[in-house]
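Colleague: For reference, this is input_9.cif, and it has mmCIF, C-alpha atoms.
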data_protein
#
loop_
_atom_site.label_atom_id
_atom_site.label_comp_id
_atom_site.auth_asym_id
_atom_site.auth_seq_id
_atom_site.Cartn_x
_atom_site.Cartn_y
_atom_site.Cartn_z
CA MET A 196 23.89 -9.40 15.69
CA SER A 197 23.34 -12.30 18.05
CA LEU A 198 20.22 -10.60 19.41
CA LEU A 199 18.56 -10.68 16.00
CA PRO A 200 16.37 -13.65 15.16
CA THR A 201 17.79 -15.88 12.47
CA THR A 202 14.79 -15.10 10.25
CA VAL A 203 15.85 -11.45 10.18
CA ILE A 204 19.53 -12.21 9.58
CA ALA A 205 18.64 -14.44 6.63
CA TRP A 206 16.13 -11.98 5.21
CA THR A 207 16.76 -10.23 1.89
CA PRO A 208 14.61 -7.06 1.98
CA PHE A 209 12.38 -6.41 -1.02
CA LEU A 210 13.15 -9.86 -2.44
CA GLN A 211 11.54 -11.87 0.34
CA PRO A 212 8.45 -11.02 2.40
CA ALA A 213 9.17 -9.35 5.72
CA PRO A 214 9.74 -11.99 8.40
CA GLY A 215 7.16 -12.28 11.14
CA ALA A 216 4.48 -10.31 9.30
CA GLN A 217 1.99 -12.93 10.45
CA HIS A 218 2.45 -11.66 14.00
CA TRP A 219 2.53 -7.88 13.55
CA TRP A 220 0.40 -7.40 10.46
CA TRP A 221 -2.11 -5.12 12.22
CA TRP A 222 0.57 -2.48 12.72
CA LEU A 223 0.64 -2.08 8.94
CA VAL A 224 -2.46 0.08 9.17
CA ILE A 225 -0.18 2.91 10.33
CA PRO A 226 2.10 3.11 7.26
CA MET A 227 -0.92 2.47 5.06
CA ALA A 228 -2.83 5.40 6.58
CA LEU A 229 0.29 7.55 6.42
CA GLY A 230 0.97 6.84 2.74
CA VAL A 231 -2.63 7.37 1.70
CA SER A 232 -2.79 10.61 3.68
CA MET A 233 0.49 11.90 2.24
CA ALA A 234 -0.60 11.41 -1.36
CA TYR A 235 -4.19 12.52 -0.85
CA LYS A 236 -3.38 15.64 1.12
CA ALA A 237 -0.71 16.64 -1.39
CA ILE A 238 -3.45 17.25 -3.96
CA ARG A 239 -6.09 18.41 -1.49
CA VAL A 240 -4.58 21.11 0.71
CA GLU A 241 -4.69 24.67 -0.53
CA LYS A 242 -1.45 25.78 1.10
CA LEU A 243 1.39 23.29 1.14
CA ALA A 244 2.51 24.66 4.50
CA ASP A 245 -0.58 22.92 5.93
CA TRP A 246 0.42 19.57 4.44
CA PRO A 247 2.29 18.02 7.41
CA MET A 248 -0.49 18.86 9.86
CA ALA A 249 -3.21 17.69 7.47
CA VAL A 250 -1.36 14.41 6.87
CA GLY A 251 -0.99 13.79 10.59
CA LYS A 252 -4.62 14.57 11.24
CA MET A 253 -5.97 12.38 8.43
CA ALA A 254 -3.64 9.48 9.30
CA ALA A 255 -4.74 9.67 12.94
CA GLN A 256 -8.39 9.73 11.89
CA VAL A 257 -7.97 6.67 9.66
CA VAL A 258 -6.13 4.70 12.35
CA GLY A 259 -8.62 5.82 14.98
CA VAL A 260 -11.61 4.69 12.93
CA VAL A 261 -9.99 1.33 12.15
CA VAL A 262 -9.30 0.81 15.86
CA ALA A 263 -12.87 1.83 16.71
CA ILE A 264 -14.27 -0.65 14.21
CA ALA A 265 -12.02 -3.37 15.65
CA VAL A 266 -13.19 -2.62 19.19
CA GLY A 267 -16.81 -2.54 18.06
CA LEU A 268 -16.54 -5.87 16.28
CA TYR A 269 -14.75 -7.37 19.28
CA LEU A 270 -17.54 -6.28 21.60
CA LEU A 271 -20.19 -7.55 19.19
CA VAL A 272 -18.66 -10.97 18.58
CA ILE A 273 -16.99 -11.74 21.89
CA VAL A 274 -19.27 -9.97 24.40
CA LEU A 275 -22.74 -9.32 22.97
CA LEU A 276 -23.41 -12.32 20.76
CA PRO A 277 -22.56 -14.91 23.47
CA MET A 278 -25.12 -13.20 25.73
CA LEU A 279 -27.94 -14.05 23.35
CA PRO A 280 -30.06 -16.98 24.45
CA ALA A 281 -29.15 -20.19 22.70
CA GLU A 282 -32.03 -22.18 21.29
CA MET B 246 5.77 19.66 -19.61
CA VAL B 247 6.48 21.07 -16.15
CA ALA B 248 3.30 22.62 -14.76
CA GLY B 249 5.09 24.43 -11.98
CA ASN B 250 3.64 22.60 -9.01
CA VAL B 251 6.90 20.80 -8.33
CA ARG B 252 6.72 20.86 -4.54
CA ARG B 253 3.18 19.53 -4.52
CA GLY B 254 4.24 16.80 -6.92
CA ILE B 255 7.14 15.81 -4.70
CA TYR B 256 4.81 15.53 -1.71
CA ALA B 257 2.40 13.38 -3.70
CA MET B 258 5.24 11.23 -4.99
CA ALA B 259 6.46 10.73 -1.43
CA GLY B 260 3.08 9.31 -0.45
CA VAL B 261 2.90 7.04 -3.46
CA LEU B 262 6.44 5.78 -2.87
CA VAL B 263 5.76 5.13 0.82
CA LEU B 264 2.95 2.84 -0.26
CA PHE B 265 4.81 1.24 -3.16
CA LEU B 266 8.09 0.62 -1.36
CA GLY B 267 6.24 -0.32 1.82
CA GLY B 268 4.30 -2.93 -0.12
CA ILE B 269 7.42 -4.39 -1.70
CA PHE B 270 9.14 -4.29 1.69
CA VAL B 271 6.35 -6.20 3.43
CA GLY B 272 5.34 -8.60 0.66
CA GLY B 273 8.50 -8.88 -1.43
CA ILE B 274 8.53 -8.43 -5.19
CA ASP B 275 6.12 -11.34 -5.46
CA CYS B 276 3.25 -8.98 -4.60
CA VAL B 277 3.51 -7.51 -8.12
CA ASP B 278 2.59 -10.41 -10.35
CA TYR B 279 1.01 -10.04 -13.78
CA LYS B 280 0.60 -13.78 -14.28
CA GLU B 281 -1.01 -14.82 -11.01
CA ASP B 282 -2.59 -11.63 -9.64
CA ARG B 283 -3.68 -10.00 -12.87
CA LEU B 284 -6.61 -7.97 -11.56
CA TRP B 285 -4.49 -6.54 -8.75
CA PHE B 286 -1.76 -5.83 -11.30
CA TYR B 287 -4.09 -3.70 -13.40
CA GLY B 288 -4.76 -1.43 -10.39
CA GLN B 289 -1.09 -1.44 -9.41
CA LEU B 290 -0.19 -0.24 -12.91
CA GLY B 291 -1.41 3.22 -11.92
CA ALA B 292 1.88 3.66 -10.05
CA GLY B 293 3.71 3.72 -13.38
CA PRO B 294 6.78 2.04 -14.85
CA ILE B 295 8.13 0.95 -11.47
CA VAL B 296 5.36 -1.66 -11.46
CA PHE B 297 6.69 -3.14 -14.71
CA ALA B 298 10.15 -3.13 -13.18
CA ALA B 299 8.91 -4.97 -10.08
CA ASN B 300 7.03 -7.48 -12.22
CA ALA B 301 10.11 -8.02 -14.40
CA ALA B 302 12.21 -8.55 -11.26
CA ASN B 303 9.64 -11.04 -10.01
CA ASP B 304 9.87 -12.96 -13.28
CA ALA B 305 13.64 -12.80 -13.47
CA LEU B 306 14.47 -13.59 -9.85
CA LEU B 307 11.61 -15.58 -8.34
CA LYS B 308 9.71 -17.30 -11.11
CA SER B 309 12.88 -18.36 -12.86
CA GLY B 310 14.23 -19.88 -9.65
CA SER B 311 17.50 -17.93 -9.84
CA ALA B 312 17.12 -16.22 -6.45
CA ALA B 313 15.79 -19.13 -4.41
CA PRO B 314 15.09 -22.83 -4.86
CA MET B 315 11.76 -23.83 -6.33
CA ILE B 316 9.33 -25.89 -4.28
CA GLU B 317 7.07 -28.49 -5.81
CA MET B 318 3.42 -27.77 -5.01
CA PRO B 319 0.86 -30.54 -4.66
CA ALA B 320 -1.24 -30.88 -7.78
CA GLN B 321 -4.88 -29.90 -7.25
CA GLY B 322 -6.63 -31.38 -10.24
CA GLY B 323 -4.15 -29.83 -12.65
CA PRO B 324 -0.55 -30.21 -13.63
CA ALA B 325 2.09 -30.12 -10.91
CA LYS B 326 3.45 -26.66 -10.26
CA SER B 327 6.62 -25.36 -8.63
CA VAL B 328 6.95 -21.98 -6.93
CA SER B 329 9.85 -20.03 -5.46
CA SER B 330 10.53 -20.48 -1.76
CA PHE B 331 10.61 -16.65 -1.54
CA VAL B 332 6.94 -16.31 -2.46
CA GLY B 333 4.92 -14.38 0.12
CA LEU B 334 2.01 -16.04 1.85
CA ALA B 335 -1.05 -14.89 3.77
CA HIS B 336 -0.85 -11.48 5.49
CA SER B 337 2.51 -10.42 4.11
CA ASN B 338 1.37 -11.08 0.55
CA GLU B 339 -2.07 -9.58 1.14
CA PHE B 340 -0.78 -6.35 2.63
CA GLY B 341 2.06 -6.03 0.13
CA THR B 342 -0.36 -6.40 -2.76
CA LEU B 343 -2.80 -3.96 -1.17
CA PHE B 344 -0.12 -1.33 -0.51
CA VAL B 345 1.09 -1.38 -4.12
CA PHE B 346 -2.52 -1.35 -5.34
CA LEU B 347 -3.25 1.73 -3.21
CA ALA B 348 -0.11 3.37 -4.60
CA GLY B 349 -1.50 2.83 -8.10
CA LEU B 350 -4.93 4.21 -7.28
CA LEU B 351 -3.57 7.28 -5.53
CA ASN B 352 -1.14 7.95 -8.37
CA ILE B 353 -4.10 7.96 -10.75
CA CYS B 354 -5.76 10.53 -8.47
CA VAL B 355 -2.58 12.61 -8.65
CA LEU B 356 -2.53 12.35 -12.45
CA LEU B 357 -6.15 13.46 -12.68
CA ASP B 358 -5.43 16.38 -10.37
CA ALA B 359 -2.38 17.39 -12.40
CA ALA B 360 -4.50 17.39 -15.55
CA VAL B 361 -6.83 20.09 -14.24
CA ARG B 362 -4.63 22.02 -11.84
CA ARG B 363 -3.64 25.54 -12.86
CA PRO B 364 0.07 25.75 -13.76
CA HIS B 365 2.41 27.55 -11.42
CA SER B 366 -0.12 27.69 -8.64
CA ASP B 367 -0.34 25.95 -5.32
CA LEU B 368 -4.02 26.80 -5.15
CA PRO B 369 -6.66 24.35 -6.34
CA ASP B 370 -8.19 25.05 -9.73
CA ALA B 371 -10.92 27.60 -9.05
CA ARG B 372 -13.01 26.43 -12.01
CA ARG B 373 -13.17 22.90 -10.71
CA ARG B 374 -13.25 23.45 -7.00
CA SER B 375 -15.37 26.50 -6.53
CA GLY B 376 -17.20 26.23 -3.25
CA GLU B 377 -14.62 23.82 -1.82
CA GLY B 378 -11.33 24.63 -0.24
CA SER B 379 -11.27 22.80 3.05
CA SER B 380 -7.74 21.90 3.96
CA THR B 381 -8.79 18.95 6.07
#
Show how you would write the structure in this file as structure tokens.

Modeller:
Amino acid sequence: MSLLPTTVIAWTPFLQPAPGAQHWWWWLVIPMALGVSMAYKAIRVEKLADWPMAVGKMAAQVVGVVVAIAVGLYLLVIVLLPMLPAE
Amino acid sequence: MVAGNVRRGIYAMAGVLVLFLGGIFVGGIDCVDYKEDRLWFYGQLGAGPIVFAANAANDALLKSGSAAPMIEMPAQGGPAKSVSSFVGLAHSNEFGTLFVFLAGLLNICVLLDAAVRRPHSDLPDARRRSGEGSST
């Protein structure tokens, strides 16, 4: 217990916001993609035996595209735009 | 009332609950708020009665001040206002609200699908989805 931060020890799940979400909020894209994929693929797949694989594939695609957009925006804002000549 | 696609319904419910409970877990029950986030609440309502339960819990525990002390907020041109110290802020509140909202939207998709899906069949409705059928 002593290894846990005091914010976690004092936290009441579901009543209070998760502690430290300001620092790890970008990881939330994974459960978000997973939940959306689980519900969507449940009504989309023809054979329910394909559901786990379809969920994994769609969740990976969603996370991959979000990461790609983040990398693209990083390159645009941090690398490319500063290279433009300043008037 | 049972259309026979129980297993498919359980899978869909699992996805909706991952989003709903994940949202409440990240943002707390404050992320379901009829009084202060009304437009979000209307979308969240798609998830069903559990949204009313979360909103009632928010009213009973947070807004009443019974779960945590209330904090006086600075007045910004209006009357002074006090909020619970358990209210979520910034990213935790944003993501919690979004998760529950997505749960509502996807549950509406599930309802629409259930309305047209053939009973006792795991196959998509042939009348509606002729020409489709991709599993990805």

Colleague: Could you pull the residues within 10 Å of range 310-326 of chain B, counting all atoms listed in the file, minus those fewer than 6 positions along the same chain, as a PyMOL selection string?

Modeller: (chain A and resi 210-211) or (chain B and resi 303-304+332)

Colleague: Take CA of Gly288 in chain B and CA of Glu339 in chain B and report the distance between them in Å, one decimal.

Modeller: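 Result for CA of Gly288 in chain B versus CA of Glu339 in chain B: 14.4 Å, one decimal.
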
Colleague: Any chance you could work out the residue set of the PyMOL selection byres ((chain B) within 6 of (chain A)) here, as a list in words?

Modeller: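 For this structure, the PyMOL selection byres ((chain B) within 6 of (chain A)) resolves to Arg253, Tyr256, Ala257, Gly260, Val261, Val263, Leu264, Ile269, Phe270, Val271, Gly272, Gly273, Ile274, Phe331, Gly333, His336, Ser337, Leu368, Ser380 and Thr381 of chain B.
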
Colleague: Decode the PyMOL selection byres ((chain B and resi 287) around 12) for the given file into explicit residues and return them as number ranges by chain.

Modeller: B: 277-286, 288-293, 296-297, 300, 342, 345-350, 353

Colleague: How many Å separate CA of Leu357 in chain B from CA of Phe265 in chain B?

Modeller: 19.0 Å

Colleague: What is the CA of Val260 in chain A to CA of Leu351 in chain B distance in Å?

Modeller: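 Pair CA of Val260 in chain A / CA of Leu351 in chain B returns 20.3 Å.
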
Colleague: Adding 4 Å on each side of the box along x, y and z that holds all listed atoms of range 308-319 of chain B, could you give its centre and edge lengths in Å to one decimal, as AutoDock Vina command-line options?

Modeller:
--center_x 9.2 --center_y -23.4 --center_z -8.6 --size_x 24.6 --size_y 22.3 --size_z 16.6

Colleague: Which residue out of A:Leu276, A:Ala263, A:Ala255, A:Ala244 has the minimum interatomic distance to Arg252 in chain B when only C-alpha atoms are used?

Modeller: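 With only C-alpha atoms as the atom set, the closest residue is A:Ala244.
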